[in-house]
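Everything below belongs to work-v6.pdb, which stores PDB, C-alpha atoms and all ligand atoms.
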ATOM      1  CA  LYS A   1       0.000   0.000   0.000
ATOM      2  CA  ALA A   2       2.771   2.350   1.021
ATOM      3  CA  LYS A   3       4.553   1.567  -2.180
ATOM      4  CA  GLY A   4       1.508   2.472  -4.221
ATOM      5  CA  LEU A   5       1.088   5.765  -2.387
ATOM      6  CA  GLY A   6       4.730   6.614  -2.944
ATOM      7  CA  LYS A   7       4.410   6.008  -6.623
ATOM      8  CA  ASN A   8       1.268   8.081  -6.733
ATOM      9  CA  GLN A   9       2.919  11.004  -4.938
ATOM     10  CA  GLN A  10       5.882  10.894  -7.237
ATOM     11  CA  CYS A  11       3.511  10.998 -10.166
ATOM     12  CA  LEU A  12       1.656  14.024  -8.748
ATOM     13  CA  TYR A  13       4.957  15.770  -8.100
ATOM     14  CA  THR A  14       6.040  15.316 -11.693
ATOM     15  CA  GLU A  15       2.684  16.533 -12.952
ATOM     16  CA  GLU A  16       2.934  19.575 -10.678
ATOM     17  CA  MET A  17       6.336  20.425 -12.114
ATOM     18  CA  GLY A  18       4.845  20.097 -15.543
ATOM     19  CA  VAL A  19       2.033  22.492 -14.699
ATOM     20  CA  GLN A  20       4.505  25.102 -13.439
ATOM     21  CA  GLU A  21       6.657  24.789 -16.519
ATOM     22  CA  VAL A  22       3.673  25.061 -18.814
ATOM     23  CA  ARG A  23       2.507  28.149 -16.908
ATOM     24  CA  LYS A  24       5.901  29.805 -17.197
ATOM     25  CA  MET A  25       6.014  29.118 -20.930
ATOM     26  CA  GLU A  26       2.529  30.507 -21.357
ATOM     27  CA  LEU A  27       3.402  33.627 -19.378
ATOM     28  CA  GLU A  28       6.606  34.093 -21.361
ATOM     29  CA  LYS A  29       4.702  33.927 -24.613
ATOM     30  CA  ASP A  30       1.796  36.147 -23.497
ATOM     31  CA  LEU A  31       4.010  38.744 -21.820
ATOM     32  CA  GLN A  32       5.319  39.784 -25.225
ATOM     33  CA  ARG A  33       1.940  41.192 -26.237
ATOM     34  CA  ALA A  34       0.639  42.197 -22.807
ATOM     35  CA  LEU A  35       1.849  45.773 -23.196
ATOM     36  CA  GLU A  36       0.163  46.430 -26.528
ATOM     37  CA  LEU A  37      -2.972  44.624 -25.331
ATOM     38  CA  LYS A  38      -3.018  46.967 -22.306
ATOM     39  CA  GLU A  39      -3.169  44.114 -19.819
ATOM     40  CA  PHE A  40      -1.004  45.848 -17.218
ATOM     41  CA  PHE A  41      -2.311  48.187 -14.596
ATOM     42  CA  ILE A  42      -0.825  49.964 -11.624
ATOM     43  CA  VAL A  43      -1.836  49.912  -8.016
ATOM     44  CA  TYR A  44      -0.658  52.542  -5.562
ATOM     45  CA  GLN A  45       0.247  51.963  -1.937
ATOM     46  CA  PRO A  46       0.298  54.881   0.509
ATOM     47  CA  LYS A  47       3.343  55.844   2.568
ATOM     48  CA  TRP A  48       2.408  57.343   5.910
ATOM     49  CA  ASN A  49       4.271  59.582   8.337
ATOM     50  CA  VAL A  50       3.176  58.576  11.828
ATOM     51  CA  LYS A  51       4.645  61.666  13.497
ATOM     52  CA  SER A  52       2.763  64.197  11.393
ATOM     53  CA  ASN A  53      -0.088  61.727  10.841
ATOM     54  CA  ARG A  54      -0.016  62.499   7.146
ATOM     55  CA  LEU A  55       0.207  60.826   3.792
ATOM     56  CA  VAL A  56       3.702  61.349   2.363
ATOM     57  CA  GLY A  57       3.572  59.546  -0.970
ATOM     58  CA  PHE A  58       2.655  56.491  -2.984
ATOM     59  CA  GLU A  59       4.529  53.529  -4.372
ATOM     60  CA  ALA A  60       3.461  52.387  -7.846
ATOM     61  CA  LEU A  61       3.271  48.588  -8.137
ATOM     62  CA  ILE A  62       2.543  46.857 -11.425
ATOM     63  CA  ARG A  63      -0.085  44.144 -11.940
ATOM     64  CA  TRP A  64      -0.842  41.975 -14.956
ATOM     65  CA  ASN A  65      -4.436  41.134 -15.688
ATOM     66  CA  HIS A  66      -3.987  37.988 -17.759
ATOM     67  CA  PRO A  67      -7.077  37.242 -19.905
ATOM     68  CA  ARG A  68      -7.168  33.579 -18.857
ATOM     69  CA  LEU A  69      -5.152  33.333 -15.647
ATOM     70  CA  GLY A  70      -6.389  36.453 -13.896
ATOM     71  CA  ILE A  71      -4.257  38.873 -11.927
ATOM     72  CA  ILE A  72      -0.612  37.895 -11.804
ATOM     73  CA  SER A  73       1.893  39.116  -9.222
ATOM     74  CA  PRO A  74       5.001  41.022 -10.315
ATOM     75  CA  LEU A  75       6.980  38.496  -8.270
ATOM     76  CA  GLU A  76       6.066  36.006 -10.983
ATOM     77  CA  PHE A  77       6.345  38.045 -14.177
ATOM     78  CA  ILE A  78       9.073  40.620 -13.457
ATOM     79  CA  PRO A  79      11.789  37.916 -13.542
ATOM     80  CA  ILE A  80      10.436  36.773 -16.919
ATOM     81  CA  ALA A  81      10.367  40.355 -18.175
ATOM     82  CA  GLU A  82      13.959  40.743 -17.040
ATOM     83  CA  GLU A  83      15.024  37.588 -18.876
ATOM     84  CA  THR A  84      13.322  38.615 -22.100
ATOM     85  CA  GLY A  85      14.286  42.291 -21.986
ATOM     86  CA  LEU A  86      10.649  43.343 -21.926
ATOM     87  CA  ILE A  87      11.398  44.958 -18.575
ATOM     88  CA  ILE A  88      12.625  48.064 -20.415
ATOM     89  CA  PRO A  89       9.447  48.975 -22.337
ATOM     90  CA  MET A  90       7.419  47.776 -19.343
ATOM     91  CA  THR A  91       9.251  50.116 -16.978
ATOM     92  CA  ARG A  92       8.893  52.971 -19.459
ATOM     93  CA  TRP A  93       5.147  52.361 -19.430
ATOM     94  CA  THR A  94       5.035  52.189 -15.631
ATOM     95  CA  LEU A  95       7.027  55.398 -15.309
ATOM     96  CA  GLU A  96       4.733  57.142 -17.794
ATOM     97  CA  GLU A  97       1.574  55.963 -16.045
ATOM     98  CA  ALA A  98       2.858  56.812 -12.564
ATOM     99  CA  CYS A  99       4.022  60.277 -13.635
ATOM    100  CA  LYS A 100       0.737  60.966 -15.429
ATOM    101  CA  GLN A 101      -1.183  59.899 -12.336
ATOM    102  CA  CYS A 102       1.020  61.940 -10.031
ATOM    103  CA  ARG A 103       0.435  64.982 -12.246
ATOM    104  CA  ALA A 104      -3.320  64.333 -12.282
ATOM    105  CA  TRP A 105      -3.375  64.181  -8.480
ATOM    106  CA  LYS A 106      -1.352  67.371  -8.287
ATOM    107  CA  ASP A 107      -3.869  69.122 -10.530
ATOM    108  CA  ARG A 108      -6.529  68.116  -8.004
ATOM    109  CA  GLY A 109      -4.496  69.567  -5.145
ATOM    110  CA  ILE A 110      -3.106  66.238  -3.976
ATOM    111  CA  VAL A 111       0.612  66.897  -4.097
ATOM    112  CA  GLN A 112       2.251  63.569  -3.307
ATOM    113  CA  PRO A 113       5.434  61.993  -4.650
ATOM    114  CA  VAL A 114       5.139  58.670  -6.442
ATOM    115  CA  SER A 115       7.862  56.036  -6.469
ATOM    116  CA  VAL A 116       8.577  53.507  -9.199
ATOM    117  CA  ASN A 117      10.654  50.322  -8.867
ATOM    118  CA  LEU A 118      13.601  49.885 -11.211
ATOM    119  CA  SER A 119      15.321  46.729 -12.322
ATOM    120  CA  ILE A 120      19.073  46.506 -12.941
ATOM    121  CA  ARG A 121      18.463  46.085 -16.664
ATOM    122  CA  LEU A 122      17.476  49.739 -16.848
ATOM    123  CA  PHE A 123      20.997  50.780 -15.843
ATOM    124  CA  HIS A 124      22.603  48.719 -18.576
ATOM    125  CA  GLY A 125      21.127  50.579 -21.525
ATOM    126  CA  ASP A 126      22.899  53.806 -20.505
ATOM    127  CA  ASN A 127      19.885  55.869 -21.513
ATOM    128  CA  LEU A 128      18.015  55.700 -18.214
ATOM    129  CA  LEU A 129      18.654  59.392 -17.627
ATOM    130  CA  GLU A 130      17.199  60.213 -21.042
ATOM    131  CA  LEU A 131      14.207  57.950 -20.380
ATOM    132  CA  VAL A 132      13.464  59.576 -17.021
ATOM    133  CA  ARG A 133      13.853  63.075 -18.465
ATOM    134  CA  ASN A 134      11.540  62.306 -21.380
ATOM    135  CA  VAL A 135       8.871  60.814 -19.168
ATOM    136  CA  LEU A 136       8.963  63.808 -16.803
ATOM    137  CA  ASP A 137       8.738  66.215 -19.747
ATOM    138  CA  LYS A 138       5.844  64.363 -21.299
ATOM    139  CA  ALA A 139       3.881  64.347 -18.043
ATOM    140  CA  GLU A 140       4.976  67.923 -17.267
ATOM    141  CA  LEU A 141       5.793  66.696 -13.797
ATOM    142  CA  ASP A 142       8.003  68.391 -11.237
ATOM    143  CA  PRO A 143      10.988  65.978 -10.898
ATOM    144  CA  HIS A 144      10.802  66.319  -7.111
ATOM    145  CA  LEU A 145       7.568  64.353  -7.230
ATOM    146  CA  LEU A 146       9.224  61.296  -8.752
ATOM    147  CA  GLU A 147      11.171  58.770  -6.738
ATOM    148  CA  LEU A 148      12.975  55.690  -8.031
ATOM    149  CA  GLU A 149      13.476  52.560  -5.949
ATOM    150  CA  ILE A 150      16.582  50.470  -6.463
ATOM    151  CA  THR A 151      17.775  47.433  -4.496
ATOM    152  CA  GLU A 152      21.008  46.616  -2.737
ATOM    153  CA  SER A 153      22.029  43.823  -5.058
ATOM    154  CA  MET A 154      21.812  46.190  -8.046
ATOM    155  CA  VAL A 155      24.783  48.216  -6.881
ATOM    156  CA  LEU A 156      27.051  45.211  -6.437
ATOM    157  CA  HIS A 157      28.214  45.212 -10.026
ATOM    158  CA  ASP A 158      29.496  48.252 -11.900
ATOM    159  CA  VAL A 159      29.106  50.296  -8.773
ATOM    160  CA  ASN A 160      30.881  53.311 -10.268
ATOM    161  CA  ASP A 161      28.693  53.303 -13.345
ATOM    162  CA  ILE A 162      25.522  53.070 -11.276
ATOM    163  CA  ILE A 163      26.687  55.866  -8.976
ATOM    164  CA  ARG A 164      27.318  58.070 -12.024
ATOM    165  CA  GLN A 165      23.866  57.357 -13.459
ATOM    166  CA  LEU A 166      22.156  57.938 -10.126
ATOM    167  CA  GLU A 167      23.999  61.231  -9.671
ATOM    168  CA  ASN A 168      22.769  62.417 -13.060
ATOM    169  CA  ILE A 169      19.224  61.377 -12.285
ATOM    170  CA  ARG A 170      19.270  63.034  -8.887
ATOM    171  CA  ALA A 171      20.628  66.193 -10.496
ATOM    172  CA  LEU A 172      17.247  66.424 -12.239
ATOM    173  CA  GLY A 173      15.648  66.579  -8.787
ATOM    174  CA  VAL A 174      14.398  62.993  -8.805
ATOM    175  CA  LYS A 175      14.758  61.130  -5.500
ATOM    176  CA  VAL A 176      16.216  57.660  -5.102
ATOM    177  CA  SER A 177      15.561  55.114  -2.392
ATOM    178  CA  MET A 178      17.110  51.777  -1.516
ATOM    179  CA  ASP A 179      14.353  49.163  -1.412
ATOM    180  CA  ASP A 180      14.261  45.979   0.697
ATOM    181  CA  PHE A 181      17.247  47.261   2.649
ATOM    182  CA  GLY A 182      18.968  44.744   4.909
ATOM    183  CA  THR A 183      18.034  41.541   3.140
ATOM    184  CA  GLY A 184      20.103  41.456  -0.005
ATOM    185  CA  TYR A 185      23.840  41.410  -0.215
ATOM    186  CA  SER A 186      24.665  44.074   2.253
ATOM    187  CA  SER A 187      25.783  47.316   0.718
ATOM    188  CA  ILE A 188      26.475  49.012   4.041
ATOM    189  CA  GLY A 189      30.086  49.678   3.073
ATOM    190  CA  LEU A 190      28.864  51.568   0.013
ATOM    191  CA  LEU A 191      26.103  53.591   1.639
ATOM    192  CA  ASP A 192      28.205  56.729   1.902
ATOM    193  CA  ARG A 193      28.969  56.538  -1.820
ATOM    194  CA  ILE A 194      25.678  55.567  -3.371
ATOM    195  CA  PRO A 195      23.653  58.719  -3.954
ATOM    196  CA  ILE A 196      20.293  57.969  -2.353
ATOM    197  CA  ASP A 197      17.726  59.823  -0.259
ATOM    198  CA  ALA A 198      16.079  57.049   1.733
ATOM    199  CA  LEU A 199      16.321  53.483   2.970
ATOM    200  CA  LYS A 200      13.302  51.212   2.879
ATOM    201  CA  LEU A 201      13.606  48.628   5.647
ATOM    202  CA  ASP A 202      12.539  45.276   4.317
ATOM    203  CA  ARG A 203       9.356  43.897   5.749
ATOM    204  CA  LEU A 204      11.235  40.906   7.144
ATOM    205  CA  PHE A 205      12.493  43.281   9.853
ATOM    206  CA  THR A 206       9.023  44.570  10.600
ATOM    207  CA  ASN A 207       7.778  41.025  10.976
ATOM    208  CA  ASP A 208      10.570  40.116  13.381
ATOM    209  CA  LEU A 209      10.394  43.009  15.796
ATOM    210  CA  ASP A 210       9.698  40.873  18.834
ATOM    211  CA  THR A 211      13.286  39.595  18.745
ATOM    212  CA  PRO A 212      15.583  41.928  20.729
ATOM    213  CA  SER A 213      18.476  41.324  18.343
ATOM    214  CA  LYS A 214      16.369  42.431  15.361
ATOM    215  CA  ARG A 215      15.367  45.556  17.255
ATOM    216  CA  ALA A 216      19.050  46.269  17.906
ATOM    217  CA  ILE A 217      19.732  46.010  14.176
ATOM    218  CA  ILE A 218      16.905  48.374  13.264
ATOM    219  CA  ASN A 219      18.005  50.784  15.941
ATOM    220  CA  ALA A 220      21.500  50.808  14.450
ATOM    221  CA  ILE A 221      20.167  51.241  10.903
ATOM    222  CA  VAL A 222      18.015  54.196  11.955
ATOM    223  CA  LEU A 223      20.958  55.885  13.726
ATOM    224  CA  MET A 224      23.214  55.248  10.759
ATOM    225  CA  ALA A 225      20.595  56.645   8.382
ATOM    226  CA  GLU A 226      20.232  59.780  10.495
ATOM    227  CA  ASN A 227      23.971  60.356  10.383
ATOM    228  CA  LEU A 228      24.051  59.793   6.643
ATOM    229  CA  ASN A 229      21.089  62.129   6.201
ATOM    230  CA  LEU A 230      18.841  59.419   4.818
ATOM    231  CA  ASP A 231      15.136  58.971   5.496
ATOM    232  CA  VAL A 232      13.963  55.580   6.691
ATOM    233  CA  ILE A 233      10.727  53.928   5.637
ATOM    234  CA  ALA A 234       9.521  50.671   7.162
ATOM    235  CA  GLU A 235       7.807  48.212   4.834
ATOM    236  CA  GLY A 236       5.211  45.608   5.707
ATOM    237  CA  VAL A 237       3.612  47.451   8.623
ATOM    238  CA  GLU A 238       0.530  45.389   9.391
ATOM    239  CA  ASN A 239      -0.531  46.168  12.958
ATOM    240  CA  LYS A 240      -0.400  48.549  15.896
ATOM    241  CA  GLU A 241       2.382  46.543  17.525
ATOM    242  CA  HIS A 242       4.619  47.072  14.491
ATOM    243  CA  ILE A 243       3.942  50.809  14.643
ATOM    244  CA  ASP A 244       4.748  51.051  18.349
ATOM    245  CA  PHE A 245       7.998  49.143  17.980
ATOM    246  CA  LEU A 246       9.083  51.131  14.940
ATOM    247  CA  THR A 247       8.268  54.553  16.341
ATOM    248  CA  GLY A 248      10.077  53.525  19.542
ATOM    249  CA  LEU A 249      13.134  52.857  17.406
ATOM    250  CA  GLY A 250      12.932  56.249  15.735
ATOM    251  CA  CYS A 251      11.332  55.171  12.468
ATOM    252  CA  HIS A 252       8.324  57.302  11.608
ATOM    253  CA  VAL A 253       7.498  56.697   7.971
ATOM    254  CA  MET A 254       5.644  53.499   7.172
ATOM    255  CA  GLN A 255       4.139  51.522   4.367
ATOM    256  CA  GLY A 256       1.998  48.445   4.832
ATOM    257  CA  TYR A 257      -1.422  46.873   4.942
ATOM    258  CA  TYR A 258      -2.220  48.648   8.219
ATOM    259  CA  TYR A 259      -2.337  52.005   6.427
ATOM    260  CA  GLY A 260      -3.417  50.792   3.043
ATOM    261  CA  LYS A 261      -2.973  47.928   0.633
ATOM    262  CA  PRO A 262      -1.871  48.636  -2.920
ATOM    263  CA  MET A 263      -5.043  50.060  -4.558
ATOM    264  CA  ASP A 264      -6.179  51.044  -8.015
ATOM    265  CA  ILE A 265      -6.881  54.735  -8.566
ATOM    266  CA  ASP A 266     -10.599  54.497  -7.806
ATOM    267  CA  GLU A 267      -9.895  52.700  -4.541
ATOM    268  CA  ILE A 268      -7.259  55.309  -3.736
ATOM    269  CA  ASP A 269      -9.902  58.027  -4.134
ATOM    270  CA  VAL A 270     -12.133  56.251  -1.633
ATOM    271  CA  TRP A 271      -9.187  55.712   0.683
ATOM    272  CA  MET A 272      -8.193  59.392   0.542
ATOM    273  CA  TYR A 273     -11.768  60.456   1.231
ATOM    274  CA  GLU A 274     -11.776  58.191   4.295
ATOM    275  CA  GLN A 275      -8.469  59.609   5.548
ATOM    276  CA  ASP A 276      -9.766  63.178   5.203
ATOM    277  CA  HIS A 277     -12.880  62.196   7.055
ATOM    278  CA  LYS A 278     -10.866  60.598   9.884
ATOM    279  CA  ALA A 279      -8.668  63.692  10.131
ATOM    280  CA  GLU A 280     -11.726  65.964  10.323
ATOM    281  CA  THR A 281     -13.282  63.807  13.032
ATOM    282  CA  ILE A 282     -10.099  64.019  15.078
ATOM    283  CA  GLU A 283      -9.930  67.820  14.606
ATOM    284  CA  VAL A 284     -13.542  68.214  15.695
ATOM    285  CA  MET A 285     -12.943  66.009  18.701
ATOM    286  CA  GLY A 286      -9.723  67.825  19.626
TER
HETATM  287  P1  LIG B 301       8.604  45.978  -3.249
HETATM  288  O1  LIG B 301       9.018  47.094  -4.118
HETATM  289  O2  LIG B 301       9.393  45.749  -2.000
HETATM  290  O3  LIG B 301       7.081  46.256  -2.928
HETATM  291  C1  LIG B 301       6.468  45.968  -1.700
HETATM  292  C2  LIG B 301       5.688  44.682  -1.800
HETATM  293  O4  LIG B 301       5.218  44.348  -0.474
HETATM  294  C3  LIG B 301       4.437  44.784  -2.666
HETATM  295  O5  LIG B 301       4.228  43.506  -3.252
HETATM  296  C4  LIG B 301       3.350  45.053  -1.647
HETATM  297  O6  LIG B 301       2.078  44.640  -2.076
HETATM  298  C5  LIG B 301       3.821  44.229  -0.485
HETATM  299  N1  LIG B 301       3.313  44.741   0.782
HETATM  300  C6  LIG B 301       3.066  46.016   1.109
HETATM  301  N2  LIG B 301       2.644  46.127   2.378
HETATM  302  C7  LIG B 301       2.619  44.875   2.877
HETATM  303  C8  LIG B 301       2.261  44.347   4.154
HETATM  304  O7  LIG B 301       1.877  45.046   5.094
HETATM  305  N3  LIG B 301       2.371  43.000   4.297
HETATM  306  C9  LIG B 301       2.799  42.188   3.279
HETATM  307  N4  LIG B 301       2.843  40.867   3.528
HETATM  308  N5  LIG B 301       3.142  42.661   2.088
HETATM  309  C10 LIG B 301       3.059  43.997   1.873
HETATM  310  P2  LIG B 301       3.956  43.398  -4.832
HETATM  311  O8  LIG B 301       3.124  44.533  -5.287
HETATM  312  O9  LIG B 301       3.501  42.009  -5.085
HETATM  313  O10 LIG B 301       5.382  43.599  -5.465
HETATM  314  C11 LIG B 301       6.404  42.685  -5.223
HETATM  315  C12 LIG B 301       7.709  43.169  -5.785
HETATM  316  O11 LIG B 301       7.649  43.211  -7.213
HETATM  317  C13 LIG B 301       8.061  44.586  -5.379
HETATM  318  O12 LIG B 301       8.585  44.591  -4.080
HETATM  319  C14 LIG B 301       9.031  44.968  -6.451
HETATM  320  O13 LIG B 301      10.320  44.441  -6.148
HETATM  321  C15 LIG B 301       8.493  44.232  -7.671
HETATM  322  N6  LIG B 301       7.729  45.179  -8.490
HETATM  323  C16 LIG B 301       6.455  45.598  -8.360
HETATM  324  N7  LIG B 301       6.132  46.487  -9.334
HETATM  325  C17 LIG B 301       7.253  46.639 -10.093
HETATM  326  C18 LIG B 301       7.567  47.435 -11.244
HETATM  327  O14 LIG B 301       6.768  48.220 -11.771
HETATM  328  N8  LIG B 301       8.839  47.295 -11.740
HETATM  329  C19 LIG B 301       9.773  46.464 -11.174
HETATM  330  N9  LIG B 301      10.983  46.408 -11.709
HETATM  331  N10 LIG B 301       9.503  45.729 -10.087
HETATM  332  C20 LIG B 301       8.259  45.814  -9.555
HETATM  333 MG    MG B 302       9.568  48.963  -3.909
HETATM  334 MG    MG B 303      10.236  47.164  -0.919
HETATM  335 MG    MG B 304      10.028  44.190  -0.298
END
Would you write the structure of this file as structure tokens?
Amino acid sequence: KAKGLGKNQQCLYTEEMGVQEVRKMELEKDLQRALELKEFFIVYQPKWNVKSNRLVGFEALIRWNHPRLGIISPLEFIPIAEETGLIIPMTRWTLEEACKQCRAWKDRGIVQPVSVNLSIRLFHGDNLLELVRNVLDKAELDPHLLELEITESMVLHDVNDIIRQLENIRALGVKVSMDDFGTGYSSIGLLDRIPIDALKLDRLFTNDLDTPSKRAIINAIVLMAENLNLDVIAEGVENKEHIDFLTGLGCHVMQGYYYGKPMDIDEIDVWMYEQDHKAETIEVMG
């Protein structure tokens, strides 16, 4: 009996592998046309300053609405886009959309910076600066309202070239932040050379705040950031406990499900209405 079960499991396992491979091949094939078929959309997640109790910006996160498979996470299709090179036109599109949206909000009196995630491939073409400048021009957006998120591992190779490109981009007035800080290959030794404005603490830290050693690490990161003149944003803030720990450690800007999940623009409107309403209620009460 046990033998039969074992055989059965092995069979299922192989089939499962097959399903995953088939899915990846299908995604690879469909990704090529997803841009022209307008299957991508962007969701925006609020960043919140706990000290001032105010919204301080949005992060733009891409989604793929696949006609047959439904909504697909960037964790699944960004690596494919990177392999195929599609990441470049895809990022151009995301930048354009995010800048257009940021400009539209500004025209409605909602002046909030928007950040866009970059992949290392964008630094290899050598025309990233040109791309960013063109997108800003087209959207007629103040460069100070755009922020680009890079990751630690991106600066490991060609560090001098990346520093040069980031310097040029920041000279436009665009801000740069280091995403998922503390999880990748540590770039601590380079932090005084890489031209950035903020560190985003990876949500693994936020989820591990009950360990004293993790708190010690965050404490040290926050102090270091202060001395380097960098802002710190905590990712993955999901509950009141996270907020209390983080504020206790000197981190006041947060992003996470507690404040708002990534939302499409209609949901963001509702969310902003609710925030205004909350603020008014507090003012009336105070
Ligand atoms: P990221 O830039 O670190 O984005 C934060 C991710 O954490 C988002 O996942 C967000 O939905 C999720 N998140 C936010 N708050 C919470 C929370 O409180 N709890 C938990 N458990 N998760 C939270 P998402 O949108 O699936 O994006 C995953 C990653 O995909 C991003 O990580 C980013 O590296 C990449 N990505 C997303 N959009 C783009 C894009 O337009 N271009 C590129 N190159 N990468 C992108
Ligand atoms: Mg990010
Ligand atoms: Mg992040
Ligand atoms: Mg992350």
CA of Leu209 in chain A to CA of Ala234 in chain A, straight-line distance in Å: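 Taking CA of Ala234 in chain A and CA of Leu209 in chain A, their separation equals 11.6 Å.
A straight line drawn from CA of Ala139 in chain A to CA of Ala171 in chain A is 18.5 Å long.
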Distance query Gln45 in chain A at most 10 Å, all atoms listed in the file, self and fewer than 4 positions along chain excluded, as a list in words: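 Counting only the stated atoms, we get Gly57, Phe58, Glu59, Ala60, Leu61, Val114, Ser115, Gln255, Gly256, Tyr257, Tyr259, Gly260, Lys261, Pro262, Met263, Asp264 and Ile268 of chain A.
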Report as a tab-separated table: every residue of chain A with an atom at most 6 Å from ligand LIG 301 (chain B), its closest pair of atoms, and their distance in Å to one decimal, counting all atoms listed in the file, with rows sorted by chain and ascending residue number.
residue	atom	partner	partner_atom	distance
A:Leu61	CA	B:LIG301	N7	3.7
A:Ile62	CA	B:LIG301	N7	4.2
A:Ser73	CA	B:LIG301	O9	5.3
A:Pro74	CA	B:LIG301	O11	4.6
A:Leu75	CA	B:LIG301	O11	4.9
A:Thr91	CA	B:LIG301	N8	6.0
A:Thr94	CA	B:LIG301	O14	5.8
A:Asn117	CA	B:LIG301	N8	4.6
A:Leu118	CA	B:LIG301	N9	4.4
A:Ser119	CA	B:LIG301	N9	4.4
A:Asp180	CA	B:LIG301	O2	5.6
A:Gly236	CA	B:LIG301	O7	3.4
A:Val237	CA	B:LIG301	O7	4.6
A:Glu238	CA	B:LIG301	O7	4.5
A:Gln255	CA	B:LIG301	N2	5.9
A:Gly256	CA	B:LIG301	O7	3.4
A:Tyr257	CA	B:LIG301	O7	3.8
A:Pro262	CA	B:LIG301	O6	5.7
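The list of residues with at least one atom within 10 Å of Ile188 in chain A, based on only C-alpha atoms and without residues fewer than 6 positions apart in the same chain, reads Glu152, Phe181, Gly182, Ile194, Ile221 and Met224 of chain A.
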Emit as JSON the padded axis-aligned box for all listed atoms of range 259-268 of chain A, 6 Å per side, with centre and edge lengths in Å to one decimal.
{"center_x": -6.2, "center_y": 51.6, "center_z": -1.1, "size_x": 20.7, "size_y": 19.4, "size_z": 27.0}
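Taking all atoms listed in the file into account, ligand MG 302 (chain B) lies nearest to A:Ser177 out of the set A:Gln20, A:Ser177, A:Asn227, A:Asn239.
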Å distance separating CA of Leu246 in chain A from CA of Thr211 in chain A, one decimal place: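 Atom-to-atom, CA of Leu246 in chain A and CA of Thr211 in chain A are spaced 12.9 Å apart.
Neighbouring residues of ligand MG 304 (chain B) at a cut-off of 7 Å, counting only C-alpha atoms and all ligand atoms, are Asp179, Asp180, Asp202, Arg203 and Glu235 of chain A.
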Include C-alpha atoms and write out the residues we just selected as a PDB file, in the frame of the given file.
ATOM      1  CA  ASP A 179      14.353  49.163  -1.412  1.00  0.00           C
ATOM      2  CA  ASP A 180      14.261  45.979   0.697  1.00  0.00           C
ATOM      3  CA  ASP A 202      12.539  45.276   4.317  1.00  0.00           C
ATOM      4  CA  ARG A 203       9.356  43.897   5.749  1.00  0.00           C
ATOM      5  CA  GLU A 235       7.807  48.212   4.834  1.00  0.00           C
TER       6      GLU A 235
END
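Nearest-residue note for Phe41 in chain A: choosing from A:Ile150, A:Leu199, A:His144, A:Ile265, the minimum distance belongs to A:Ile265, counting all atoms listed in the file.
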Residue nearest Thr183 in chain A - candidates A:Gln101, A:Asn207, A:Gln165, A:Ser153, atoms counted: only C-alpha atoms: A:Ser153
Nearby residues (all atoms listed in the file) at most 12 Å from Lys29 in chain A, same-chain spacing under 4 positions excluded, as a list in words: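 So the residues in contact are Val22, Arg23, Lys24, Met25, Arg33, Ala34, His66, Phe77, Ile80, Ala81, Thr84 and Leu86 of chain A.
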All residues 10 Å or closer to Leu35 in chain A, only C-alpha atoms, same chain fewer than 5 positions away omitted, as a VMD selection string: chain A and resid 30 40 to 41 64 86 89 to 90 93
Minimum-distance residue to Asp137 in chain A, chosen among A:Met154, A:Cys99, A:Ile71, A:Met178 (using only C-alpha atoms):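 The answer is A:Cys99, which sits nearest to Asp137 in chain A.
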Please provide the set of residues having any atom within 12 Å of Glu130 in chain A, restricted to only C-alpha atoms, with same-chain residues fewer than 5 positions apart removed, written as a PDB file with C-alpha atoms, in the coordinates of the input.
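Below is the file that was written, result16.pdb:
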ATOM      1  CA  ARG A  92       8.893  52.971 -19.459  1.00  0.00           C
ATOM      2  CA  LEU A 122      17.476  49.739 -16.848  1.00  0.00           C
ATOM      3  CA  PHE A 123      20.997  50.780 -15.843  1.00  0.00           C
ATOM      4  CA  GLY A 125      21.127  50.579 -21.525  1.00  0.00           C
ATOM      5  CA  VAL A 135       8.871  60.814 -19.168  1.00  0.00           C
ATOM      6  CA  LEU A 136       8.963  63.808 -16.803  1.00  0.00           C
ATOM      7  CA  ASP A 137       8.738  66.215 -19.747  1.00  0.00           C
ATOM      8  CA  GLN A 165      23.866  57.357 -13.459  1.00  0.00           C
ATOM      9  CA  ASN A 168      22.769  62.417 -13.060  1.00  0.00           C
ATOM     10  CA  ILE A 169      19.224  61.377 -12.285  1.00  0.00           C
ATOM     11  CA  LEU A 172      17.247  66.424 -12.239  1.00  0.00           C
TER      12      LEU A 172
END
Nearest to ligand MG 303 (chain B), chosen from A:Ile233, A:Cys251, A:Leu191, A:Met272, with all atoms listed in the file counted in the distances: A:Ile233
